[in-house]
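Following: one structure in structure tokens, then a few remarks.
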Amino acid sequence: MSGLTKILDIENLNVSFYSDSVKTKVVKDISLEVYDGEILAIVGESGSGKSVAMKSVMDLLPVYAKVSADRFLFEGKKFLEIKGKEKRQILGNDIAMIFQDPMTALNPVKKIGDHLIENIRRHNKMSKKQAESLAIEMLERVGIPSPEKRMKQYPHEFSGGMRQRVLIAMALCSRPRLLIADEPTTALDVTIQAQILKLLKNLHETEKMNIVLITHDLGVVASIADRIAVMYGGRIMETGTKDEILYNAQHPYTKALLKAIPGTENGKKCKLEPIPGSVPQMKDMESGCPFYSRCEHAGEACLCEFGATHDYSDTHKSYCMNDLKQLNERGA
Amino acid sequence: MGKYIAKRILNAIPLLLLITIICFTLISLAPYDAVDAMTTPKMSDELVMLIRQKYGYDKPLYIRYFRWLDGIVNGNFGYSIVNGTSIYNDLMARIPNTIRLVLPSYLTAYILAIILGLIAGANKNKLADRIIDGFSSVSLAIPTFWIALILIYIFGYKYRLLPILGMNTVGKSGAEDYLKHFILPYAVLVFAFLPGNIRYVRSATITQFSEDYVMVQKAFGASRTEIMFSHVMKNVLLPVVTRLGMALPTLITGAVITESVFGWPGVGPYFVKAVQGMDYPIIMVMLVLSSTMVILGNLLSDILYCVVDPRIRG
């Protein structure tokens, strides 16, 4: 993997929220890379900081959020230092984002066509006619039937899945190098979910678009991701290729998470094992491992310090204070 | 659409009837005998009785109501019991004067409010917002008659720049003279209509800026100006346009106090005088007129909504 170009290269990203002079660290020292030609999935429970981490890339965090990082490169550019107009030329052009709730993501009083044309003309010098035909082409590309007619319609005349397609088409117009998909299927029903995921996978292959997929659904991950980063409490717990994480998980949290998937074993229904407890408040876990309070192997060291790095392969890393090899051999 | 409007108008009729019944009952409950306006203490009881019979005040309430209703439906607004003039003629002379004053003031305030409200809402909690919102809070608390008196004191008394009473100087006419009389009540009314509208536009703008589609546009590289003019503004203007309909009753009864202070020959002083003199036919007509305006205004609002909002139009 190290031979490949890094599209996004983040080291020790920290995001803190300030309110009434209280500082809450929401994302702590996370390091992420997106290589050219892959789909990276960031998996985690609600409140694990996965959305916040990616919104910091897009400059979408509220004013009371503070972002810092040792290294934050997008295609070799120091991304945190780029501001204003220069940044806006990259957003929606080289890097695009689609969101969780397609129902509210479009301006209700603006026609679909105007959404697309506006976005195309923002980043490309193009006549209105050209932009219109490109928009129609893109709508067709994402699987919207009779796009000419649909261009003249308003968002409320589209279903949720269709709106998500429109947003994907919007993102696609400028052929971005990176698409950040923030839980793109969470608000959709299951059959539509599968269609949207298939579309994303398809676009990834044909348009050479790299994707960061934020999700809490391991089923989604299994179907399209190449690499997975598991996040919890603002930290990355384990990263690895899809197979390494799904079939050879090392970290206690990842293992607990995988056990909590409803499924069958040898055709028999097996019991679902939930992770006891609930996600702790961000303010209660300043240092130490965020999984401390729910982890069955937690020791005293876990309270004061976060994870020693365990390397299993070039791609597979996990962060835990325990001697995981010993633990896993014991069959825990 | 036509069907919808027809239905709404049909719905308005029983509502109007109900309003007239309530008004009529309430006025007749007032501890006052309408005949006193037309009699003097020296008149003999027989004469008072005759007058009472002539105007029908000896009849029970519901008969008086139906007689009155019959008149209104046939376009007969009745006569003032104080000076016997036709209410219809009085109003026809006065309503245009009021509209002449209120319409330009309201439109000025409306346009100013849209501009200021958008600026304030887009810069929430910044200096511009603090100034504009502060201004609307303060001016909302200041009564218009007070502003009117201050202006009269400054421009009419201290510097003697502008006339303080009426619509024209007696014996003079022409645009210049009219404008001189017009400017003070106009300013007061703009000031009166401004704060409520600013607040409305401001809060609508703030709500729109927190919508998801604004974030999405940011993610697609739209600048704040683009978001403001190409996205937020249209969404803000939808409810604001419909507010125009609600302003319809203002055209007639929106300036009662200001008109009275400046002696503007509009509906305001006429109504105030009628209330003081317990001239109840005038009061009734005014109540019916203004409630009709409120109902029509609401209807107009709803129709405007249908016209401008694609979600409802569809």
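By order of appearance in the structure tokens: chains A, B, ..., then residues from 1 within every chain, and ligands from 1 in the order shown.
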
Expected answer as a ChimeraX atom specification: alpha helix (DSSP H) residues in stretch 4-227 of chain B: /B:4-29,45-55,61-73,87-122,127-141,144-151,175-209,212-219,224-226

Counting only C-alpha atoms, what is within 9 Å of stretch 253-258 of chain B, bar same-chain residues fewer than 2 positions away, as JSON, numbers by chain? {"B": [98, 101, 102, 144, 145, 148, 185, 188, 189, 247, 249, 250, 251, 260, 261, 262, 263, 264, 266, 267, 268, 269, 270, 271, 272, 286, 290]}

Please write the residues from the selection above to a file, keeping N, CA and C atoms, as a compact mmCIF listing (two decimals), in the first residue's frame.
```txt
# COMPACT_ATOMS: atom_id res chain seq x y z
N THR B 98 -56.52 58.03 3.85
CA THR B 98 -55.75 57.11 4.68
C THR B 98 -54.84 56.25 3.81
N LEU B 101 -51.75 57.84 2.69
CA LEU B 101 -50.71 57.98 3.72
C LEU B 101 -50.10 56.62 4.07
N VAL B 102 -50.96 55.62 4.25
CA VAL B 102 -50.48 54.35 4.78
C VAL B 102 -49.72 53.55 3.72
N THR B 144 -46.09 55.18 19.03
CA THR B 144 -45.99 56.06 17.87
C THR B 144 -46.38 57.50 18.21
N PHE B 145 -47.34 57.66 19.11
CA PHE B 145 -47.76 59.04 19.39
C PHE B 145 -46.61 59.84 20.00
N ALA B 148 -44.40 60.82 17.27
CA ALA B 148 -45.07 61.87 16.53
C ALA B 148 -44.91 63.22 17.23
N PRO B 185 -46.18 62.61 9.21
CA PRO B 185 -46.92 61.37 9.51
C PRO B 185 -46.34 60.15 8.76
N VAL B 188 -43.39 58.91 10.77
CA VAL B 188 -43.85 58.23 11.98
C VAL B 188 -44.36 56.82 11.66
N LEU B 189 -45.12 56.72 10.57
CA LEU B 189 -45.69 55.41 10.22
C LEU B 189 -44.61 54.43 9.77
N ALA B 247 -51.22 42.56 5.70
CA ALA B 247 -51.15 44.01 5.94
C ALA B 247 -52.35 44.74 5.38
N PRO B 249 -55.60 44.99 6.19
CA PRO B 249 -56.40 45.83 7.09
C PRO B 249 -55.69 47.11 7.51
N THR B 250 -54.34 47.06 7.51
CA THR B 250 -53.58 48.26 7.88
C THR B 250 -53.95 49.44 6.99
N LEU B 251 -54.28 49.16 5.75
CA LEU B 251 -54.60 50.23 4.80
C LEU B 251 -55.73 51.11 5.30
N SER B 260 -54.70 60.78 13.99
CA SER B 260 -55.34 61.65 14.98
C SER B 260 -54.37 62.70 15.47
N VAL B 261 -53.13 62.29 15.73
CA VAL B 261 -52.14 63.25 16.23
C VAL B 261 -51.90 64.36 15.21
N PHE B 262 -51.82 63.99 13.93
CA PHE B 262 -51.50 64.98 12.90
C PHE B 262 -52.75 65.59 12.26
N GLY B 263 -53.91 65.24 12.76
CA GLY B 263 -55.13 65.79 12.19
C GLY B 263 -55.28 65.44 10.73
N TRP B 264 -54.78 64.30 10.33
CA TRP B 264 -54.88 63.86 8.93
C TRP B 264 -56.33 63.47 8.66
N GLY B 266 -58.21 61.36 7.60
CA GLY B 266 -58.43 59.98 7.18
C GLY B 266 -59.46 59.30 8.04
N VAL B 267 -59.41 57.98 8.07
CA VAL B 267 -60.38 57.19 8.81
C VAL B 267 -60.16 57.31 10.32
N GLY B 268 -58.89 57.48 10.69
CA GLY B 268 -58.52 57.46 12.11
C GLY B 268 -59.29 58.42 12.98
N PRO B 269 -59.18 59.75 12.71
CA PRO B 269 -59.88 60.71 13.55
C PRO B 269 -61.40 60.50 13.53
N TYR B 270 -61.91 60.10 12.37
CA TYR B 270 -63.34 59.84 12.22
C TYR B 270 -63.79 58.77 13.20
N PHE B 271 -63.00 57.71 13.26
CA PHE B 271 -63.31 56.59 14.13
C PHE B 271 -63.18 57.00 15.60
N VAL B 272 -62.11 57.70 15.91
CA VAL B 272 -61.89 58.11 17.30
C VAL B 272 -63.03 59.00 17.77
N MET B 286 -67.23 50.45 11.01
CA MET B 286 -65.78 50.32 11.07
C MET B 286 -65.37 48.91 11.46
N SER B 290 -63.18 46.53 9.13
CA SER B 290 -61.84 46.06 9.44
C SER B 290 -61.81 44.54 9.57
```

Distance cut-off 8 Å, counting only C-alpha atoms - which residues of chain B neighbour chain A? Return them as a ChimeraX atom specification. /B:211-216,218-223,231,234-235,309-311
